[in-house]
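Here's data-v3.cif, which has mmCIF, C-alpha atoms and all ligand atoms:
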```cif
data_query
#
loop_
_atom_site.group_PDB
_atom_site.id
_atom_site.type_symbol
_atom_site.label_atom_id
_atom_site.label_comp_id
_atom_site.auth_asym_id
_atom_site.auth_seq_id
_atom_site.Cartn_x
_atom_site.Cartn_y
_atom_site.Cartn_z
ATOM 1 C CA MET A 132 9.512 5.616 2.592
ATOM 2 C CA LEU A 133 8.171 7.907 -0.107
ATOM 3 C CA SER A 134 7.688 6.450 -3.550
ATOM 4 C CA PRO A 135 7.125 8.821 -6.472
ATOM 5 C CA SER A 136 3.547 9.763 -7.280
ATOM 6 C CA GLU A 137 2.204 7.791 -10.223
ATOM 7 C CA PRO A 138 -1.148 7.054 -11.886
ATOM 8 C CA ARG A 139 -3.061 4.488 -9.865
ATOM 9 C CA GLN A 140 -6.417 2.780 -9.974
ATOM 10 C CA CYS A 141 -8.413 1.517 -7.012
ATOM 11 C CA PHE A 142 -9.406 -2.145 -7.236
ATOM 12 C CA LYS A 143 -12.302 -1.597 -4.848
ATOM 13 C CA CYS A 144 -14.052 1.559 -6.034
ATOM 14 C CA ASN A 145 -12.314 2.072 -9.405
ATOM 15 C CA PHE A 146 -11.143 5.580 -8.457
ATOM 16 C CA GLU A 147 -8.312 6.732 -10.700
ATOM 17 C CA GLY A 148 -5.740 9.319 -9.756
ATOM 18 C CA MET A 149 -2.174 10.085 -8.788
ATOM 19 C CA GLY A 150 -0.801 8.618 -5.603
ATOM 20 C CA SER A 151 2.345 7.490 -3.857
ATOM 21 C CA ASN A 152 0.922 4.743 -1.628
ATOM 22 C CA ILE A 153 -1.614 1.957 -1.905
ATOM 23 C CA THR A 154 -4.332 3.595 0.219
ATOM 24 C CA CYS A 155 -7.188 4.822 -1.984
ATOM 25 C CA PRO A 156 -8.006 8.536 -1.372
ATOM 26 C CA ARG A 157 -11.697 7.853 -1.975
ATOM 27 C CA CYS A 158 -12.568 4.591 -0.197
ATOM 28 C CA ARG A 159 -9.476 4.267 2.049
ATOM 29 C CA LYS A 160 -8.977 0.621 1.066
ATOM 30 C CA ASN A 161 -5.435 -0.576 0.423
ATOM 31 C CA HIS A 162 -6.134 -1.470 -3.170
ATOM 32 C CA PHE A 163 -4.927 1.694 -4.888
ATOM 33 C CA LEU A 164 -2.615 0.084 -7.410
ATOM 34 C CA SER A 165 -0.146 1.463 -9.910
ATOM 35 C CA ALA A 166 -0.112 0.221 -13.514
ATOM 36 C CA SER A 167 2.986 -1.861 -12.799
ATOM 37 C CA SER A 168 1.393 -3.708 -9.881
ATOM 38 C CA VAL A 169 -1.767 -4.217 -11.963
ATOM 39 C CA ARG A 170 0.489 -5.757 -14.639
ATOM 40 C CA THR A 171 2.117 -8.004 -12.012
ATOM 41 C CA ARG A 172 -1.343 -9.248 -11.040
ATOM 42 C CA GLY A 173 -2.185 -9.586 -14.732
ATOM 43 C CA THR A 174 0.840 -11.852 -15.216
ATOM 44 C CA ILE A 175 -0.326 -14.049 -12.321
ATOM 45 C CA LEU A 176 -3.823 -14.238 -13.847
ATOM 46 C CA VAL A 177 -2.389 -15.247 -17.241
ATOM 47 C CA VAL A 178 -0.307 -18.020 -15.616
ATOM 48 C CA VAL A 179 -3.244 -19.237 -13.478
ATOM 49 C CA GLY A 180 -5.581 -19.095 -16.500
ATOM 50 C CA LEU A 181 -3.230 -21.071 -18.754
ATOM 51 C CA PHE A 182 -2.568 -23.605 -15.992
ATOM 52 C CA LEU A 183 -6.294 -24.118 -15.346
ATOM 53 C CA ILE A 184 -7.106 -24.512 -19.059
ATOM 54 C CA ALA A 185 -4.232 -26.987 -19.577
ATOM 55 C CA LEU A 186 -5.051 -28.936 -16.396
ATOM 56 C CA ILE A 187 -8.811 -29.250 -16.937
ATOM 57 C CA GLY A 188 -8.407 -29.802 -20.681
ATOM 58 C CA GLY A 189 -5.887 -32.556 -19.888
ATOM 59 C CA ILE A 190 -8.125 -34.226 -17.285
ATOM 60 C CA GLY A 191 -11.135 -33.989 -19.608
ATOM 61 C CA ALA A 192 -9.215 -35.579 -22.481
ATOM 62 C CA PHE A 193 -7.771 -38.259 -20.169
ATOM 63 C CA ILE A 194 -11.245 -39.259 -18.879
ATOM 64 C CA ALA A 195 -12.645 -39.294 -22.419
ATOM 65 C CA ILE A 196 -9.821 -41.562 -23.670
ATOM 66 C CA LEU A 197 -10.228 -43.833 -20.634
ATOM 67 C CA LEU A 198 -14.002 -44.130 -21.085
ATOM 68 C CA PHE A 199 -14.092 -44.631 -24.807
ATOM 69 C CA GLY A 200 -11.120 -46.984 -24.627
ATOM 70 C CA SER A 201 -12.919 -49.256 -22.155
ATOM 71 C CA ALA A 202 -16.296 -48.908 -23.885
ATOM 72 C CA ASN A 203 -14.881 -50.578 -26.974
ATOM 73 C CA GLN A 204 -13.642 -53.599 -25.034
ATOM 74 C CA ASP A 205 -16.890 -55.319 -24.014
ATOM 75 C CA ALA A 206 -20.625 -54.872 -23.658
ATOM 76 C CA ALA A 207 -20.570 -54.680 -19.837
ATOM 77 C CA SER A 208 -18.314 -51.629 -19.740
ATOM 78 C CA ALA A 209 -20.303 -50.070 -22.571
ATOM 79 C CA LYS A 210 -23.377 -50.463 -20.361
ATOM 80 C CA ARG A 211 -21.544 -48.894 -17.427
ATOM 81 C CA LEU A 212 -20.595 -45.989 -19.652
ATOM 82 C CA ASN A 213 -24.247 -45.534 -20.627
ATOM 83 C CA GLU A 214 -25.268 -45.467 -16.977
ATOM 84 C CA ALA A 215 -22.529 -42.956 -16.194
ATOM 85 C CA ILE A 216 -23.589 -40.537 -18.938
ATOM 86 C CA PRO A 217 -25.783 -38.273 -16.728
ATOM 87 C CA VAL A 218 -22.923 -37.935 -14.225
ATOM 88 C CA LEU A 219 -20.418 -37.371 -17.047
ATOM 89 C CA PHE A 220 -22.664 -34.690 -18.474
ATOM 90 C CA VAL A 221 -22.554 -32.780 -15.178
ATOM 91 C CA VAL A 222 -18.824 -33.441 -14.654
ATOM 92 C CA TYR A 223 -18.067 -32.097 -18.124
ATOM 93 C CA GLY A 224 -20.352 -29.159 -17.361
ATOM 94 C CA LEU A 225 -18.149 -28.517 -14.328
ATOM 95 C CA PHE A 226 -15.035 -28.787 -16.522
ATOM 96 C CA ALA A 227 -16.573 -26.341 -19.006
ATOM 97 C CA VAL A 228 -17.171 -23.793 -16.219
ATOM 98 C CA LEU A 229 -13.591 -24.291 -14.968
ATOM 99 C CA ILE A 230 -12.201 -23.789 -18.478
ATOM 100 C CA ALA A 231 -14.389 -20.680 -18.913
ATOM 101 C CA PHE A 232 -12.972 -19.491 -15.581
ATOM 102 C CA GLY A 233 -9.443 -20.123 -16.864
ATOM 103 C CA LEU A 234 -10.195 -18.311 -20.132
ATOM 104 C CA ASN A 235 -11.643 -15.362 -18.241
ATOM 105 C CA SER A 236 -8.521 -15.237 -16.027
ATOM 106 C CA LEU A 237 -6.319 -15.416 -19.106
ATOM 107 C CA LEU A 238 -8.212 -12.633 -20.911
ATOM 108 C CA SER A 239 -8.418 -10.430 -17.778
ATOM 109 C CA GLY A 240 -4.688 -10.943 -17.268
ATOM 110 C CA ILE A 241 -3.898 -10.005 -20.871
ATOM 111 C CA TRP A 242 -6.175 -6.962 -20.540
ATOM 112 C CA MET A 243 -4.342 -5.901 -17.360
ATOM 113 C CA LEU A 244 -0.942 -6.437 -18.974
ATOM 114 C CA VAL A 245 -1.882 -4.376 -22.023
ATOM 115 C CA THR A 246 -3.776 -1.524 -20.350
ATOM 116 C CA GLY A 247 -2.382 -1.512 -16.777
ATOM 117 C CA ARG A 248 -5.979 -1.403 -15.559
ATOM 118 C CA ARG A 249 -8.527 -3.899 -14.406
ATOM 119 C CA ASN A 250 -11.505 -4.733 -16.568
ATOM 120 C CA ARG A 251 -14.631 -4.571 -14.402
ATOM 121 C CA VAL A 252 -16.783 -6.533 -16.842
ATOM 122 C CA MET A 253 -14.374 -9.494 -16.697
ATOM 123 C CA PHE A 254 -14.277 -9.119 -12.920
ATOM 124 C CA TRP A 255 -18.067 -9.544 -12.738
ATOM 125 C CA ILE A 256 -17.958 -12.430 -15.214
ATOM 126 C CA MET A 257 -15.471 -14.057 -12.846
ATOM 127 C CA TRP A 258 -17.952 -13.786 -9.952
ATOM 128 C CA GLY A 259 -20.732 -15.119 -12.173
ATOM 129 C CA LEU A 260 -18.553 -18.100 -13.116
ATOM 130 C CA LEU A 261 -17.673 -18.679 -9.456
ATOM 131 C CA GLY A 262 -21.419 -18.833 -8.724
ATOM 132 C CA LEU A 263 -21.924 -21.323 -11.578
ATOM 133 C CA LEU A 264 -18.964 -23.321 -10.299
ATOM 134 C CA GLY A 265 -20.571 -23.540 -6.849
ATOM 135 C CA ILE A 266 -23.839 -24.763 -8.384
ATOM 136 C CA ALA A 267 -21.998 -27.316 -10.568
ATOM 137 C CA VAL A 268 -20.039 -28.649 -7.570
ATOM 138 C CA ILE A 269 -23.288 -29.085 -5.594
ATOM 139 C CA ILE A 270 -24.932 -30.949 -8.511
ATOM 140 C CA VAL A 271 -21.870 -33.226 -8.928
ATOM 141 C CA ARG A 272 -21.867 -34.026 -5.202
ATOM 142 C CA VAL A 273 -25.582 -34.839 -5.219
ATOM 143 C CA MET A 274 -25.277 -37.040 -8.315
ATOM 144 C CA ILE A 275 -22.174 -38.965 -7.233
ATOM 145 C CA LYS A 276 -23.612 -39.887 -3.809
HETATM 146 ZN ZN ZN B 301 -11.093 3.139 -3.711
#
```
Hey, can you dump this file as structure tokens for me?
Amino acid sequence: MLSPSEPRQCFKCNFEGMGSNITCPRCRKNHFLSASSVRTRGTILVVVGLFLIALIGGIGAFIAILLFGSANQDAASAKRLNEAIPVLFVVYGLFAVLIAFGLNSLLSGIWMLVTGRRNRVMFWIMWGLLGLLGIAVIIVRVMIK
């Protein structure tokens, strides 16, 4: 089936040009996307970003309410809270990275919706955040054991 030739951008090598299929003329990867399919992906990123921010924000708030609610009840739980602070610090660090990841998804998605292109800077930030996320998960696992 032949689809009409339209402006496309390659997600792999960033080549821009006219094309009628998803195979990139430069790198031959099947990531040669039209503005409309970039916008579809942008919409998904916006939804994922908003979901992640709401979810992690909700969990973070829930834990905070739980902890500070119990800390006010008696001295023993206040002591437990004090002992848990280093772990909490790392857990909230993890939440912060996840929220940053959500924000980056949201902003990348909005960028893609508005421009019909991918923003490479945000793409690299995403990989940087994924790296940080991996480190945070390792630290949490070590501390909780
Ligand atoms: Zn390419």
Could you write out as a list of chain:residue names the residues that the PyMOL selection byres (((not hetatm)) within 12 of (chain B and resi 301)) matches in the shown file? A:Arg139, A:Gln140, A:Cys141, A:Phe142, A:Lys143, A:Cys144, A:Asn145, A:Phe146, A:Glu147, A:Gly148, A:Gly150, A:Ile153, A:Thr154, A:Cys155, A:Pro156, A:Arg157, A:Cys158, A:Arg159, A:Lys160, A:Asn161, A:His162, A:Phe163, A:Leu164
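Going from CA of Leu176 (chain A) to CA of Phe226 (chain A) covers 18.6 Å.
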With distances taken over only C-alpha atoms, which residue among A:Met243, A:Val228, A:Leu238, A:Ile190 lies nearest Thr171 (chain A)? A:Met243
Running the PyMOL selection byres (((chain A and resi 234) around 10) and not hetatm) on this model by hand, what would come out? Give it as a VMD selection string. chain A and resid 176 to 177 179 to 181 183 to 184 228 to 233 235 to 240 257
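Atom pair CA of Ile256 (chain A) / CA of Gly189 (chain A): separated by 23.9 Å.
The space separating CA of Leu260 (chain A) from CA of Arg170 (chain A) comes to 22.7 Å.
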